Amino acid sequence: MKALIVATLLVIALPLTCFAYENNFEIYLASESGELNYLGGDADYSGGVFGVAYTRFLTPIETDDSPYGVREFLQHPSNFGVALVGIATEIDDNASSDKIEDTLSALIVEGEFYINDSDNATGLGIMISSMGGEEELSGGLNEDIDISSQVIDLSVIQYLNRTIRLSATYTTGSTEYEYSSGGKYEYDETALSVSVAALIENFLLTATISSGERDWDAGSKQDVDSLSFGGTIYIDQANSIAAQYATYEVESSSKTSEIAITGEHYFDASKYLSGSLYSGSVDYDSSNALGWDELSYMGVRAMFGLYF
């Protein structure tokens with residue numbers, strides 16, 4: 001009996017290395033507000049996002065002595081997943097009854113598949129997204145616009161070792177705007193991006209640069225460029241704090257810049273919560289038809305996740 005009690009206590013006291021997870025589920029929320037300045041006045045801006053995502057790991061995520069938040073990066077298991085996202089924004093003119101309301105939803109299917117499980121693993125990634133919705137212009141504007149967009153990302157991933165990851169992604173997609181008054185506009189977009197991620201002790205550095213082109217059906221073209229970089233400090237096994245900066249520019253249209261600070265806490269090896277504070281701005285080109293100047297905004301994001 002004594003031996004049985006000792007064995008039971010040893011099992012209870014086993015470290016978290018005994019846990020492995022094949023599934024992940026996340027719930028995502030965001031809310032933001034700000035002000036749009038335009039020629040002759042200003043307008044209030046607000047927006048929100050709700051999303052859910054599920055991921056299936058073909059090789060289980062194992063719990064070891066590394067920080068919980070970096071397990072997927074270090075172990076890079078093959079996986080596939082699906083996400084549903086809803087987006088709502090509103091611009092309300094302070095000087096008139098004019099209002100612009102966007103309601104969009106998106107379905108995203110993605111996966112990463114690694115050819116081998118070594119520290120120098122090579123992988124292929126794919127992401128397919130389909131988004132649709134409506135933009136409603138009321139007041140003196142009186143127009144409804146149906147919006148649809150489809151995007152495909154194809155990636156090649158290479159780990160130089162367990163802690164350095166390189167990837168190159170080719171993106172192709174199309175977006176269509178159909179006006180209730182009868183007009184219709186469409187563009188195709190292609191881009192090539194390169195990303196690097198490196199874990200140095202307890203500090204994860206990430207950077208992505210992208211360059212592409214937007215080709216409108218009317219014949220005009222626009223360069224589209226983006227850059228993002230950031231870092232995450234893993235304070236201990238359960239806690240981390242991250243900072244990220246991103247910019248996205250469409251030639252002769254707009255430039256978006258955003259900075260975010262994120263904290264993440266794991267309650268145990270399977271349950272976690274993260275929260276972000278972010279601030280950004282959209283500077284519009286002086287040639288834009290609406291006379292918009294700048295949109296500035298601030299917001300909060302929250303995500304709850306569960307491995308099981």
# chains A, B, ... in the order shown; residues from 1 in each chain; ligands from 1

call {"tool": "closest_atom_pairs", "arguments": {"of": "stretch 233-305 of chain A", "to": "stretch 202-226 of chain A", "cutoff": "10 Å", "atoms": "only C-alpha atoms", "output": "Markdown table"}}
result
| residue | atom | partner | partner_atom | distance |
| --- | --- | --- | --- | --- |
| A:Ile233 | CA | A:Phe203 | CA | 4.7 |
| A:Tyr234 | CA | A:Asn202 | CA | 5.3 |
| A:Ile235 | CA | A:Asn202 | CA | 7.5 |
| A:Asp236 | CA | A:Asn202 | CA | 8.5 |
| A:Gln237 | CA | A:Asn202 | CA | 9.8 |
| A:Ser240 | CA | A:Asn202 | CA | 9.5 |
| A:Ile241 | CA | A:Phe203 | CA | 10.0 |
| A:Ala242 | CA | A:Leu204 | CA | 9.0 |
| A:Gln244 | CA | A:Thr206 | CA | 8.9 |
| A:Tyr245 | CA | A:Ala207 | CA | 9.6 |
| A:Ala246 | CA | A:Ser226 | CA | 7.4 |
| A:Thr247 | CA | A:Ser226 | CA | 5.5 |
| A:Tyr248 | CA | A:Ser226 | CA | 4.3 |
| A:Glu249 | CA | A:Asp225 | CA | 5.3 |
| A:Val250 | CA | A:Val224 | CA | 4.6 |
| A:Glu251 | CA | A:Asp223 | CA | 5.2 |
| A:Ser252 | CA | A:Gln222 | CA | 7.3 |
| A:Ser253 | CA | A:Gln222 | CA | 8.6 |
| A:Ser254 | CA | A:Val224 | CA | 9.9 |
| A:Lys255 | CA | A:Ser226 | CA | 9.4 |
| A:Thr256 | CA | A:Ser226 | CA | 9.2 |
| A:Ser257 | CA | A:Ser226 | CA | 9.6 |

call {"tool": "write_last_selection", "arguments": {"atoms": "C-alpha atoms", "output": "mmCIF file, in the first residue's frame"}}
result
data_model
loop_
_atom_site.group_PDB
_atom_site.id
_atom_site.type_symbol
_atom_site.label_atom_id
_atom_site.label_comp_id
_atom_site.auth_asym_id
_atom_site.auth_seq_id
_atom_site.Cartn_x
_atom_site.Cartn_y
_atom_site.Cartn_z
ATOM 1 C CA ILE A 233 10.179 39.293 -24.053
ATOM 2 C CA TYR A 234 9.286 36.084 -22.203
ATOM 3 C CA ILE A 235 9.482 37.160 -18.589
ATOM 4 C CA ASP A 236 9.008 33.620 -17.303
ATOM 5 C CA GLN A 237 7.264 30.466 -18.474
ATOM 6 C CA SER A 240 5.351 37.820 -21.834
ATOM 7 C CA ILE A 241 5.189 41.369 -23.130
ATOM 8 C CA ALA A 242 5.513 42.409 -26.777
ATOM 9 C CA GLN A 244 5.114 45.828 -32.624
ATOM 10 C CA TYR A 245 5.146 48.531 -35.283
ATOM 11 C CA ALA A 246 3.533 48.148 -38.715
ATOM 12 C CA THR A 247 3.048 50.358 -41.745
ATOM 13 C CA TYR A 248 1.029 49.779 -44.922
ATOM 14 C CA GLU A 249 1.132 52.157 -47.892
ATOM 15 C CA VAL A 250 -0.932 52.294 -51.093
ATOM 16 C CA GLU A 251 0.544 54.601 -53.702
ATOM 17 C CA SER A 252 -1.452 57.814 -54.309
ATOM 18 C CA SER A 253 -4.048 56.665 -51.778
ATOM 19 C CA SER A 254 -3.109 56.254 -48.111
ATOM 20 C CA LYS A 255 -0.469 55.241 -45.562
ATOM 21 C CA THR A 256 -1.434 53.385 -42.387
ATOM 22 C CA SER A 257 0.871 53.222 -39.350
#

call {"tool": "select_by_dssp", "arguments": {"residues": "stretch 63-162 of chain A", "states": "alpha helix (DSSP H)", "output": "tab-separated table (two decimals) with C-alpha atoms, in the first residue's frame"}}
result
chain	number	residue	atom	x	y	z
A	71	ARG	CA	6.15	26.35	-28.02
A	72	GLU	CA	4.66	26.47	-31.53
A	73	PHE	CA	7.61	28.46	-32.87
A	74	LEU	CA	10.17	26.03	-31.45
A	75	GLN	CA	8.31	22.80	-32.28

call {"tool": "atom_distance", "arguments": {"atom1": "atom CA of A:Glu26", "atom2": "atom CA of A:Glu110"}}
result
14.8 Å

call {"tool": "select_by_dssp", "arguments": {"residues": "stretch 58-202 of chain A", "states": "strand (DSSP E)", "output": "MDAnalysis selection string"}}
result
chainID A and resid 58:62 79:93 99:114 122:138 143:161 164:179 184:200

call {"tool": "residues_around", "arguments": {"residues": "stretch 76-86 of chain A", "least_positions_apart": "6", "cutoff": "7 Å", "atoms": "only C-alpha atoms", "output": "PyMOL selection string"}}
result
chain A and resi 49-59+104-114

call {"tool": "write_last_selection", "arguments": {"atoms": "C-alpha atoms", "output": "compact mmCIF listing (two decimals), in the first residue's frame"}}
result
# COMPACT_ATOMS: atom_id res chain seq x y z
CA VAL A 49 -13.84 42.99 -34.51
CA PHE A 50 -15.01 39.58 -33.27
CA GLY A 51 -13.37 36.34 -34.33
CA VAL A 52 -13.05 32.66 -33.48
CA ALA A 53 -10.34 30.29 -34.70
CA TYR A 54 -9.62 26.57 -34.46
CA THR A 55 -6.29 24.87 -35.20
CA ARG A 56 -5.54 21.15 -35.43
CA PHE A 57 -1.93 20.07 -34.89
CA LEU A 58 -0.93 16.99 -36.86
CA THR A 59 1.96 16.57 -34.43
CA LEU A 104 -17.88 42.68 -43.22
CA SER A 105 -17.31 38.99 -42.49
CA ALA A 106 -14.47 36.69 -43.50
CA LEU A 107 -13.75 32.97 -43.64
CA ILE A 108 -10.07 31.97 -43.44
CA VAL A 109 -8.63 28.49 -44.02
CA GLU A 110 -4.90 27.96 -43.55
CA GLY A 111 -2.24 25.37 -42.88
CA GLU A 112 1.49 24.71 -42.52
CA PHE A 113 2.96 21.36 -43.53
CA TYR A 114 6.56 20.46 -42.71

call {"tool": "closest_residue", "arguments": {"among": "A:Tyr170, A:Tyr177, A:Tyr38, A:Tyr45", "to": "A:Gly132", "atoms": "only C-alpha atoms"}}
result
A:Tyr177

call {"tool": "residues_around", "arguments": {"residues": "A:Ser274", "least_positions_apart": "5", "cutoff": "6 Å", "atoms": "only C-alpha atoms", "output": "short mmCIF file (atom, residue, chain, number, x, y, z; two decimals) with N, CA and C atoms, in the first residue's frame"}}
result
data_model
loop_
_atom_site.label_atom_id
_atom_site.label_comp_id
_atom_site.auth_asym_id
_atom_site.auth_seq_id
_atom_site.Cartn_x
_atom_site.Cartn_y
_atom_site.Cartn_z
N GLY A 263 0.41 42.22 -23.75
CA GLY A 263 0.80 41.36 -22.64
C GLY A 263 0.04 40.04 -22.71
N GLU A 264 0.71 38.95 -22.35
CA GLU A 264 0.06 37.64 -22.40
C GLU A 264 0.37 36.88 -21.12
N ALA A 302 -8.36 41.87 -27.13
CA ALA A 302 -8.29 40.81 -26.12
C ALA A 302 -8.47 39.46 -26.81
N MET A 303 -7.76 38.47 -26.33
CA MET A 303 -7.88 37.12 -26.89
C MET A 303 -7.78 36.09 -25.77
#

call {"tool": "closest_residue", "arguments": {"among": "A:Glu35, A:Asp283, A:Glu186, A:Glu90", "to": "A:Glu134", "atoms": "only C-alpha atoms"}}
result
A:Glu90

call {"tool": "atom_distance", "arguments": {"atom1": "atom CA of A:Leu166", "atom2": "atom CA of A:Val194"}}
result
7.6 Å

call {"tool": "closest_residue", "arguments": {"among": "A:Ile126, A:Met298, A:Leu154, A:Leu160", "to": "A:Gly47", "atoms": "only C-alpha atoms"}}
result
A:Met298

call {"tool": "closest_residue", "arguments": {"among": "A:Ile259, A:Leu141, A:Asp42, A:Thr122", "to": "A:Ser155", "atoms": "only C-alpha atoms"}}
result
A:Thr122

call {"tool": "atom_distance", "arguments": {"atom1": "atom CA of A:Ala168", "atom2": "atom CA of A:Asp188"}}
result
20.2 Å

call {"tool": "decode", "arguments": {"residues": "stretch 77-121 of chain A", "atoms": "N, CA and C atoms", "output": "mmCIF file, in the first residue's frame"}}
result
data_model
loop_
_atom_site.group_PDB
_atom_site.id
_atom_site.type_symbol
_atom_site.label_atom_id
_atom_site.label_comp_id
_atom_site.auth_asym_id
_atom_site.auth_seq_id
_atom_site.Cartn_x
_atom_site.Cartn_y
_atom_site.Cartn_z
ATOM 1 N N PRO A 77 4.956 22.294 -35.480
ATOM 2 C CA PRO A 77 4.222 21.121 -35.959
ATOM 3 C C PRO A 77 3.403 21.452 -37.200
ATOM 4 N N SER A 78 3.216 20.469 -38.070
ATOM 5 C CA SER A 78 2.282 20.642 -39.180
ATOM 6 C C SER A 78 0.884 20.864 -38.606
ATOM 7 N N ASN A 79 0.104 21.737 -39.254
ATOM 8 C CA ASN A 79 -1.203 22.074 -38.715
ATOM 9 C C ASN A 79 -2.110 22.607 -39.806
ATOM 10 N N PHE A 80 -3.401 22.620 -39.532
ATOM 11 C CA PHE A 80 -4.362 23.295 -40.386
ATOM 12 C C PHE A 80 -5.437 23.890 -39.486
ATOM 13 N N GLY A 81 -6.095 24.950 -39.990
ATOM 14 C CA GLY A 81 -7.077 25.608 -39.158
ATOM 15 C C GLY A 81 -8.072 26.418 -39.956
ATOM 16 N N VAL A 82 -9.088 26.910 -39.238
ATOM 17 C CA VAL A 82 -10.127 27.712 -39.855
ATOM 18 C C VAL A 82 -10.503 28.828 -38.883
ATOM 19 N N ALA A 83 -10.849 29.999 -39.432
ATOM 20 C CA ALA A 83 -11.234 31.135 -38.601
ATOM 21 C C ALA A 83 -12.422 31.853 -39.236
ATOM 22 N N LEU A 84 -13.276 32.392 -38.381
ATOM 23 C CA LEU A 84 -14.392 33.235 -38.799
ATOM 24 C C LEU A 84 -14.237 34.599 -38.127
ATOM 25 N N VAL A 85 -14.349 35.664 -38.915
ATOM 26 C CA VAL A 85 -14.114 37.008 -38.395
ATOM 27 C C VAL A 85 -15.240 37.929 -38.846
ATOM 28 N N GLY A 86 -15.717 38.760 -37.931
ATOM 29 C CA GLY A 86 -16.693 39.790 -38.246
ATOM 30 C C GLY A 86 -16.126 41.163 -37.938
ATOM 31 N N ILE A 87 -16.345 42.130 -38.833
ATOM 32 C CA ILE A 87 -15.786 43.474 -38.692
ATOM 33 C C ILE A 87 -16.906 44.489 -38.897
ATOM 34 N N ALA A 88 -16.945 45.498 -38.035
ATOM 35 C CA ALA A 88 -17.918 46.574 -38.185
ATOM 36 C C ALA A 88 -17.233 47.906 -37.895
ATOM 37 N N THR A 89 -17.416 48.890 -38.781
ATOM 38 C CA THR A 89 -16.873 50.235 -38.572
ATOM 39 C C THR A 89 -17.940 51.272 -38.894
ATOM 40 N N GLU A 90 -17.762 52.461 -38.304
ATOM 41 C CA GLU A 90 -18.720 53.543 -38.545
ATOM 42 C C GLU A 90 -17.998 54.880 -38.526
ATOM 43 N N ILE A 91 -18.302 55.725 -39.503
ATOM 44 C CA ILE A 91 -17.815 57.097 -39.558
ATOM 45 C C ILE A 91 -19.037 58.001 -39.546
ATOM 46 N N ASP A 92 -19.128 58.871 -38.520
ATOM 47 C CA ASP A 92 -20.310 59.702 -38.302
ATOM 48 C C ASP A 92 -19.894 61.169 -38.349
ATOM 49 N N ASP A 93 -20.338 61.875 -39.388
ATOM 50 C CA ASP A 93 -19.968 63.274 -39.575
ATOM 51 C C ASP A 93 -20.587 64.147 -38.482
ATOM 52 N N ASN A 94 -19.747 64.981 -37.839
ATOM 53 C CA ASN A 94 -20.245 65.837 -36.763
ATOM 54 C C ASN A 94 -21.026 67.047 -37.268
ATOM 55 N N ALA A 95 -20.849 67.417 -38.534
ATOM 56 C CA ALA A 95 -21.461 68.636 -39.059
ATOM 57 C C ALA A 95 -22.707 68.356 -39.902
ATOM 58 N N SER A 96 -23.024 67.090 -40.145
ATOM 59 C CA SER A 96 -24.171 66.766 -40.988
ATOM 60 C C SER A 96 -24.716 65.403 -40.584
ATOM 61 N N SER A 97 -25.666 64.901 -41.352
ATOM 62 C CA SER A 97 -26.251 63.581 -41.088
ATOM 63 C C SER A 97 -25.527 62.480 -41.859
ATOM 64 N N ASP A 98 -24.433 62.829 -42.530
ATOM 65 C CA ASP A 98 -23.709 61.838 -43.319
ATOM 66 C C ASP A 98 -23.086 60.770 -42.408
ATOM 67 N N LYS A 99 -23.217 59.530 -42.837
ATOM 68 C CA LYS A 99 -22.679 58.404 -42.065
ATOM 69 C C LYS A 99 -22.232 57.308 -43.025
ATOM 70 N N ILE A 100 -21.098 56.669 -42.698
ATOM 71 C CA ILE A 100 -20.590 55.536 -43.474
ATOM 72 C C ILE A 100 -20.458 54.346 -42.533
ATOM 73 N N GLU A 101 -21.165 53.261 -42.837
ATOM 74 C CA GLU A 101 -21.140 52.062 -42.001
ATOM 75 C C GLU A 101 -20.685 50.866 -42.836
ATOM 76 N N ASP A 102 -19.657 50.177 -42.349
ATOM 77 C CA ASP A 102 -19.157 48.968 -42.992
ATOM 78 C C ASP A 102 -19.470 47.760 -42.115
ATOM 79 N N THR A 103 -19.997 46.711 -42.728
ATOM 80 C CA THR A 103 -20.219 45.434 -42.044
ATOM 81 C C THR A 103 -19.638 44.338 -42.921
ATOM 82 N N LEU A 104 -18.598 43.667 -42.430
ATOM 83 C CA LEU A 104 -17.876 42.677 -43.216
ATOM 84 C C LEU A 104 -17.716 41.388 -42.422
ATOM 85 N N SER A 105 -17.613 40.278 -43.127
ATOM 86 C CA SER A 105 -17.310 38.993 -42.494
ATOM 87 C C SER A 105 -16.329 38.233 -43.381
ATOM 88 N N ALA A 106 -15.507 37.411 -42.756
ATOM 89 C CA ALA A 106 -14.471 36.695 -43.504
ATOM 90 C C ALA A 106 -14.351 35.261 -43.004
ATOM 91 N N LEU A 107 -14.074 34.362 -43.937
ATOM 92 C CA LEU A 107 -13.747 32.969 -43.640
ATOM 93 C C LEU A 107 -12.306 32.737 -44.071
ATOM 94 N N ILE A 108 -11.496 32.197 -43.171
ATOM 95 C CA ILE A 108 -10.075 31.972 -43.441
ATOM 96 C C ILE A 108 -9.744 30.507 -43.188
ATOM 97 N N VAL A 109 -9.109 29.872 -44.160
ATOM 98 C CA VAL A 109 -8.629 28.494 -44.018
ATOM 99 C C VAL A 109 -7.128 28.513 -44.276
ATOM 100 N N GLU A 110 -6.353 27.910 -43.400
ATOM 101 C CA GLU A 110 -4.897 27.963 -43.554
ATOM 102 C C GLU A 110 -4.243 26.718 -42.984
ATOM 103 N N GLY A 111 -2.986 26.523 -43.376
ATOM 104 C CA GLY A 111 -2.242 25.375 -42.878
ATOM 105 C C GLY A 111 -0.760 25.522 -43.135
ATOM 106 N N GLU A 112 0.042 24.825 -42.332
ATOM 107 C CA GLU A 112 1.488 24.707 -42.523
ATOM 108 C C GLU A 112 1.843 23.230 -42.460
ATOM 109 N N PHE A 113 2.628 22.785 -43.437
ATOM 110 C CA PHE A 113 2.957 21.361 -43.528
ATOM 111 C C PHE A 113 4.465 21.224 -43.708
ATOM 112 N N TYR A 114 5.101 20.572 -42.729
ATOM 113 C CA TYR A 114 6.558 20.457 -42.712
ATOM 114 C C TYR A 114 7.002 19.111 -43.266
ATOM 115 N N ILE A 115 8.050 19.190 -44.086
ATOM 116 C CA ILE A 115 8.561 17.999 -44.759
ATOM 117 C C ILE A 115 9.293 17.095 -43.782
ATOM 118 N N ASN A 116 9.918 17.671 -42.769
ATOM 119 C CA ASN A 116 10.613 16.871 -41.758
ATOM 120 C C ASN A 116 10.445 17.537 -40.406
ATOM 121 N N ASP A 117 10.817 16.829 -39.354
ATOM 122 C CA ASP A 117 10.633 17.321 -37.989
ATOM 123 C C ASP A 117 11.941 17.780 -37.351
ATOM 124 N N SER A 118 12.986 17.957 -38.130
ATOM 125 C CA SER A 118 14.277 18.321 -37.577
ATOM 126 C C SER A 118 14.334 19.801 -37.227
ATOM 127 N N ASP A 119 15.439 20.213 -36.594
ATOM 128 C CA ASP A 119 15.627 21.624 -36.287
ATOM 129 C C ASP A 119 15.774 22.451 -37.550
ATOM 130 N N ASN A 120 16.138 21.831 -38.669
ATOM 131 C CA ASN A 120 16.273 22.514 -39.962
ATOM 132 C C ASN A 120 15.085 22.202 -40.869
ATOM 133 N N ALA A 121 13.910 22.176 -40.297
ATOM 134 C CA ALA A 121 12.715 21.756 -41.033
ATOM 135 C C ALA A 121 12.386 22.719 -42.170
#
